[in-house]
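Q: I am sharing model-v9.cif, which consists of mmCIF, C-alpha atoms:
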data_target
loop_
_atom_site.label_atom_id
_atom_site.label_comp_id
_atom_site.auth_asym_id
_atom_site.auth_seq_id
_atom_site.Cartn_x
_atom_site.Cartn_y
_atom_site.Cartn_z
CA MET A 1 53.69 74.81 94.39
CA VAL A 2 52.51 77.66 96.53
CA ARG A 3 49.91 80.19 95.53
CA ALA A 4 50.34 83.73 96.83
CA GLU A 5 48.91 87.11 96.09
CA PHE A 6 51.44 89.75 95.10
CA ASP A 7 50.35 93.32 94.33
CA GLY A 8 46.78 92.14 93.88
CA GLU A 9 47.77 89.37 91.47
CA LEU A 10 47.54 85.70 92.33
CA MET A 11 50.83 83.94 91.53
CA THR A 12 51.93 80.34 91.66
CA MET A 13 55.54 79.78 92.73
CA PRO A 14 57.55 76.57 92.99
CA VAL A 15 58.71 75.55 96.47
CA ARG A 16 62.06 73.89 96.90
CA ILE A 17 62.14 71.01 99.34
CA LYS A 18 65.02 71.17 101.83
CA ASP A 19 67.99 69.08 100.75
CA PRO A 20 69.21 67.11 103.79
CA THR A 21 72.78 67.04 102.42
CA VAL A 22 73.09 70.84 102.58
CA PRO A 23 74.01 72.09 106.05
CA ALA A 24 71.56 74.60 107.45
CA ASP A 25 73.76 75.94 110.25
CA SER A 26 74.02 79.68 110.56
CA TRP A 27 77.26 81.43 109.67
CA THR A 28 79.62 82.40 112.46
CA PRO A 29 82.11 85.22 111.78
CA PRO A 30 85.77 84.20 112.04
CA LEU A 31 86.47 86.87 114.68
CA ASN A 32 84.62 88.13 117.71
CA PRO A 33 83.05 91.63 117.54
CA HIS A 34 85.99 93.29 119.36
CA ALA A 35 88.53 91.76 116.96
CA LEU A 36 86.43 92.72 113.94
CA GLN A 37 86.28 96.31 115.24
CA HIS A 38 90.06 96.30 115.63
CA VAL A 39 90.53 95.06 112.04
CA LEU A 40 88.14 97.73 110.77
CA SER A 41 89.97 100.48 112.65
CA MET A 42 93.29 99.27 111.18
CA VAL A 43 91.81 99.42 107.68
CA HIS A 44 90.65 102.99 108.30
CA ARG A 45 94.14 104.02 109.45
CA TRP A 46 95.96 102.23 106.63
CA ASN A 47 97.92 104.40 104.25
CA PRO A 48 99.18 103.08 100.93
CA VAL A 49 102.93 102.99 100.37
CA ASP A 50 104.24 106.13 98.73
CA TRP A 51 106.73 104.52 96.36
CA ASP A 52 108.28 107.86 95.42
CA LEU A 53 109.27 108.30 99.08
CA VAL A 54 110.60 104.74 99.21
CA PHE A 55 112.75 105.35 96.14
CA ASP A 56 113.91 108.66 97.63
CA ALA A 57 114.91 106.71 100.74
CA LEU A 58 116.81 104.25 98.52
CA ASP A 59 118.64 107.16 96.91
CA THR A 60 119.43 108.57 100.34
CA VAL A 61 120.91 105.40 101.82
CA MET A 62 122.32 103.75 98.70
CA GLY A 63 123.13 106.57 96.32
CA GLU A 64 123.16 105.82 92.62
CA VAL A 65 123.35 102.07 93.26
CA SER A 66 119.62 101.99 93.76
CA HIS A 67 116.42 101.52 91.84
CA HIS A 68 117.36 102.82 88.42
CA ALA A 69 116.82 99.77 86.21
CA ALA A 70 118.31 101.46 83.14
CA GLY A 71 121.74 100.61 84.50
CA THR A 72 123.72 102.07 87.31
CA SER A 73 127.09 103.61 86.90
CA GLY A 74 128.45 101.39 89.64
CA ARG A 75 129.50 104.48 91.57
CA SER A 76 127.88 104.85 94.93
CA HIS A 77 126.96 108.31 96.10
CA ALA A 78 125.43 107.06 99.32
CA ARG A 79 125.74 109.18 102.41
CA THR A 80 129.15 109.10 103.99
CA THR A 81 127.70 110.54 107.17
CA ALA A 82 125.09 108.77 109.23
CA PRO A 83 121.59 110.31 109.16
CA GLY A 84 120.17 111.77 112.35
CA HIS A 85 118.06 109.39 114.44
CA ASP A 86 114.73 111.05 113.57
CA HIS A 87 115.56 110.97 109.88
CA ALA A 88 116.85 107.39 110.14
CA GLU A 89 113.63 106.28 111.85
CA ASP A 90 111.58 107.88 109.06
CA LEU A 91 113.66 106.09 106.41
CA ALA A 92 113.33 102.78 108.27
CA GLN A 93 109.54 103.19 108.45
CA ARG A 94 109.37 103.81 104.71
CA PHE A 95 111.27 100.58 104.06
CA ARG A 96 109.25 98.62 106.62
CA GLY A 97 105.95 99.70 105.05
CA ALA A 98 107.17 98.82 101.57
CA LEU A 99 108.51 95.47 102.75
CA MET A 100 105.25 94.64 104.49
CA GLN A 101 103.32 95.24 101.29
CA LEU A 102 105.82 93.37 99.11
CA VAL A 103 106.03 90.38 101.45
CA ASN A 104 102.25 90.17 101.70
CA ARG A 105 101.98 90.33 97.92
CA GLY A 106 104.56 87.58 97.52
CA LEU A 107 102.90 85.35 100.12
CA ARG A 108 99.43 85.94 98.69
CA ASP A 109 100.60 84.80 95.27
CA LYS A 110 102.64 81.92 96.77
CA ALA A 111 105.93 83.28 95.42
CA ASP A 112 107.71 81.72 98.39
CA GLU A 113 106.53 78.28 97.20
CA LYS A 114 107.11 78.80 93.48
CA TYR A 115 110.45 80.65 93.51
CA PRO A 116 113.13 79.57 96.02
CA ASP A 117 115.17 82.76 95.56
CA LEU A 118 112.09 84.86 96.39
CA ALA A 119 111.41 82.65 99.42
CA ASP A 120 114.86 83.57 100.74
CA LEU A 121 114.24 87.28 100.07
CA ILE A 122 110.86 87.15 101.76
CA ALA A 123 112.37 85.48 104.82
CA ARG A 124 115.19 88.04 104.92
CA ALA A 125 112.73 90.91 104.52
CA ARG A 126 110.58 89.64 107.40
CA GLU A 127 113.63 89.29 109.61
CA LEU A 128 115.04 92.75 108.82
CA ARG A 129 111.63 94.40 109.13
CA SER A 130 111.37 93.30 112.74
CA GLU A 131 114.79 94.63 113.76
CA GLU A 132 114.87 97.76 115.90
CA LEU A 133 116.88 100.70 114.65
CA PRO A 134 120.14 100.76 116.63
CA ALA A 135 120.93 103.86 118.70
CA ASP A 136 124.41 104.06 117.18
CA PRO A 137 124.12 106.16 113.99
CA TRP A 138 126.61 104.04 112.01
CA GLN A 139 124.86 100.79 112.96
CA ALA A 140 121.55 102.44 112.07
CA GLN A 141 122.95 103.37 108.67
CA GLY A 142 124.02 99.74 108.18
CA LEU A 143 120.51 98.51 108.95
CA LEU A 144 119.02 101.14 106.63
CA ARG A 145 121.25 99.94 103.81
CA GLN A 146 120.21 96.34 104.46
CA LEU A 147 116.52 97.35 104.49
CA GLY A 148 117.03 99.32 101.29
CA GLN A 149 118.88 96.48 99.58
CA VAL A 150 116.28 93.83 100.44
CA THR A 151 113.48 96.23 99.39
CA LEU A 152 115.15 96.80 96.04
CA GLU A 153 115.85 93.09 95.50
CA LEU A 154 112.29 92.12 96.43
CA VAL A 155 110.80 94.73 94.08
CA GLU A 156 113.04 93.49 91.27
CA GLY A 157 112.31 89.82 92.00
CA LEU A 158 108.55 90.24 92.21
CA GLU A 159 108.57 92.38 89.08
CA GLU A 160 110.71 89.84 87.24
CA VAL A 161 108.14 87.06 87.84
CA GLY A 162 105.22 89.38 87.04
CA LEU A 163 103.70 89.75 90.52
CA VAL A 164 104.20 93.52 90.60
CA THR A 165 104.61 95.94 87.73
CA GLY A 166 105.68 99.51 87.24
CA LEU A 167 107.65 100.04 90.44
CA ILE A 168 111.16 100.17 89.03
CA GLU A 169 112.06 103.45 87.39
CA CYS A 170 114.03 103.48 84.20
#
Go through the file and emit its structure as structure tokens.
A:
Amino acid sequence: MVRAEFDGELMTMPVRIKDPTVPADSWTPPLNPHALQHVLSMVHRWNPVDWDLVFDALDTVMGEVSHHAAGTSGRSHARTTAPGHDHAEDLAQRFRGALMQLVNRGLRDKADEKYPDLADLIARARELRSEELPADPWQAQGLLRQLGQVTLELVEGLEEVGLVTGLIEC
């Protein structure tokens, strides 16, 4: 017991004896200061995925065979002309951002370990996300359709197992 004066009042407080089994080493951050600053700057620049824009991109590249869960007509009204390169790059970035968030969500919740079909989708999404947009407009359109398809399938798969909710429009 230790006796101390606090605000003019004499108090008796118990003292805990150091437990030798508890390590007393100081904490070391997992990253150096420069790396922590980089992570912080990335967090400040992060923008959430605008799912309306992602679904608009799905409509643009896939037509009616897209995200409408209430049943598609089976008719595709996808573009029959390739989008311009600037527009294609914008569409690709929308899909890449959505895929990054979906893949991270799936990995965080160990969907790749629990659901083999989602593991395949996650692997496919990671692979497609890293592909550069081809200069040829028709090849670019093909990649956009693949990005759109894997985005849609990953949204549906993660929603089906309850890891995301409310993304698919009816």
Q: Give me, please, the distance in Å between CA of Glu5 (chain A) and CA of Ala24 (chain A), quoted to one decimal.
A: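 Straight-line distance from CA of Glu5 (chain A) to CA of Ala24 (chain A) works out to 28.3 Å.
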Q: In Å to one decimal, how far is CA of Val39 (chain A) from CA of Leu99 (chain A)?
A: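 Atom-to-atom, CA of Leu99 (chain A) and CA of Val39 (chain A) are spaced 20.2 Å apart.
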Q: With distances taken over all atoms listed in the file, which residue among A:Ala125, A:Leu152, A:Ala88, A:Leu118 lies nearest Ala140 (chain A)?
A: A:Ala88
Q: Identify, on the basis of all atoms listed in the file, every residue whose closest approach to Leu167 (chain A) does not exceed 12 Å; exclude the query and any residue fewer than 3 positions from it along the same chain; express the result as a ChimeraX atom specification.
A: /A:49-52,54-55,67-69,98,102,151-160,162-164,170
Q: Next, write the just-selected residues to a file, as a PDB file, keeping the file's coordinate frame, keeping C-alpha atoms as the atom set.
A:
ATOM      1  CA  VAL A  49     102.930 102.990 100.370  1.00  0.00           C
ATOM      2  CA  ASP A  50     104.240 106.130  98.730  1.00  0.00           C
ATOM      3  CA  TRP A  51     106.730 104.520  96.360  1.00  0.00           C
ATOM      4  CA  ASP A  52     108.280 107.860  95.420  1.00  0.00           C
ATOM      5  CA  VAL A  54     110.600 104.740  99.210  1.00  0.00           C
ATOM      6  CA  PHE A  55     112.750 105.350  96.140  1.00  0.00           C
ATOM      7  CA  HIS A  67     116.420 101.520  91.840  1.00  0.00           C
ATOM      8  CA  HIS A  68     117.360 102.820  88.420  1.00  0.00           C
ATOM      9  CA  ALA A  69     116.820  99.770  86.210  1.00  0.00           C
ATOM     10  CA  ALA A  98     107.170  98.820 101.570  1.00  0.00           C
ATOM     11  CA  LEU A 102     105.820  93.370  99.110  1.00  0.00           C
ATOM     12  CA  THR A 151     113.480  96.230  99.390  1.00  0.00           C
ATOM     13  CA  LEU A 152     115.150  96.800  96.040  1.00  0.00           C
ATOM     14  CA  GLU A 153     115.850  93.090  95.500  1.00  0.00           C
ATOM     15  CA  LEU A 154     112.290  92.120  96.430  1.00  0.00           C
ATOM     16  CA  VAL A 155     110.800  94.730  94.080  1.00  0.00           C
ATOM     17  CA  GLU A 156     113.040  93.490  91.270  1.00  0.00           C
ATOM     18  CA  GLY A 157     112.310  89.820  92.000  1.00  0.00           C
ATOM     19  CA  LEU A 158     108.550  90.240  92.210  1.00  0.00           C
ATOM     20  CA  GLU A 159     108.570  92.380  89.080  1.00  0.00           C
ATOM     21  CA  GLU A 160     110.710  89.840  87.240  1.00  0.00           C
ATOM     22  CA  GLY A 162     105.220  89.380  87.040  1.00  0.00           C
ATOM     23  CA  LEU A 163     103.700  89.750  90.520  1.00  0.00           C
ATOM     24  CA  VAL A 164     104.200  93.520  90.600  1.00  0.00           C
ATOM     25  CA  CYS A 170     114.030 103.480  84.200  1.00  0.00           C
TER      26      CYS A 170
END
Q: Please, what distance in Å, to one decimal, runs between CA of Arg129 (chain A) and CA of Met100 (chain A)?
A: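 Distance between the two atoms: 7.9 Å.
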Q: So which one's closest to Leu128 (chain A), A:Leu143, A:Met11, A:Leu58, A:Leu36? Using all atoms listed in the file, please.
A: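 Nearest to Leu128 (chain A): A:Leu143.
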Q: Counting all atoms listed in the file, which of A:Arg126, A:Thr60, A:His87, A:Gln93 gets nearest to Arg145 (chain A)?
A: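 Looking at the shortest contact to Arg145 (chain A), the residue is A:Thr60.
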Q: Between A:Ala135, A:Ile122, A:Ala111, A:Val15, which is the closest to Arg3 (chain A) once you count only C-alpha atoms?
A: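 Using only C-alpha atoms, Arg3 (chain A) sits closest to A:Val15.
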Q: Please determine, counting all atoms listed in the file, which residue among A:Met1, A:Leu40, A:Ile17, A:Met62 has the shortest atom-to-atom distance to Gln149 (chain A).
A: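 Of the candidates, the smallest distance to Gln149 (chain A) is held by A:Met62.
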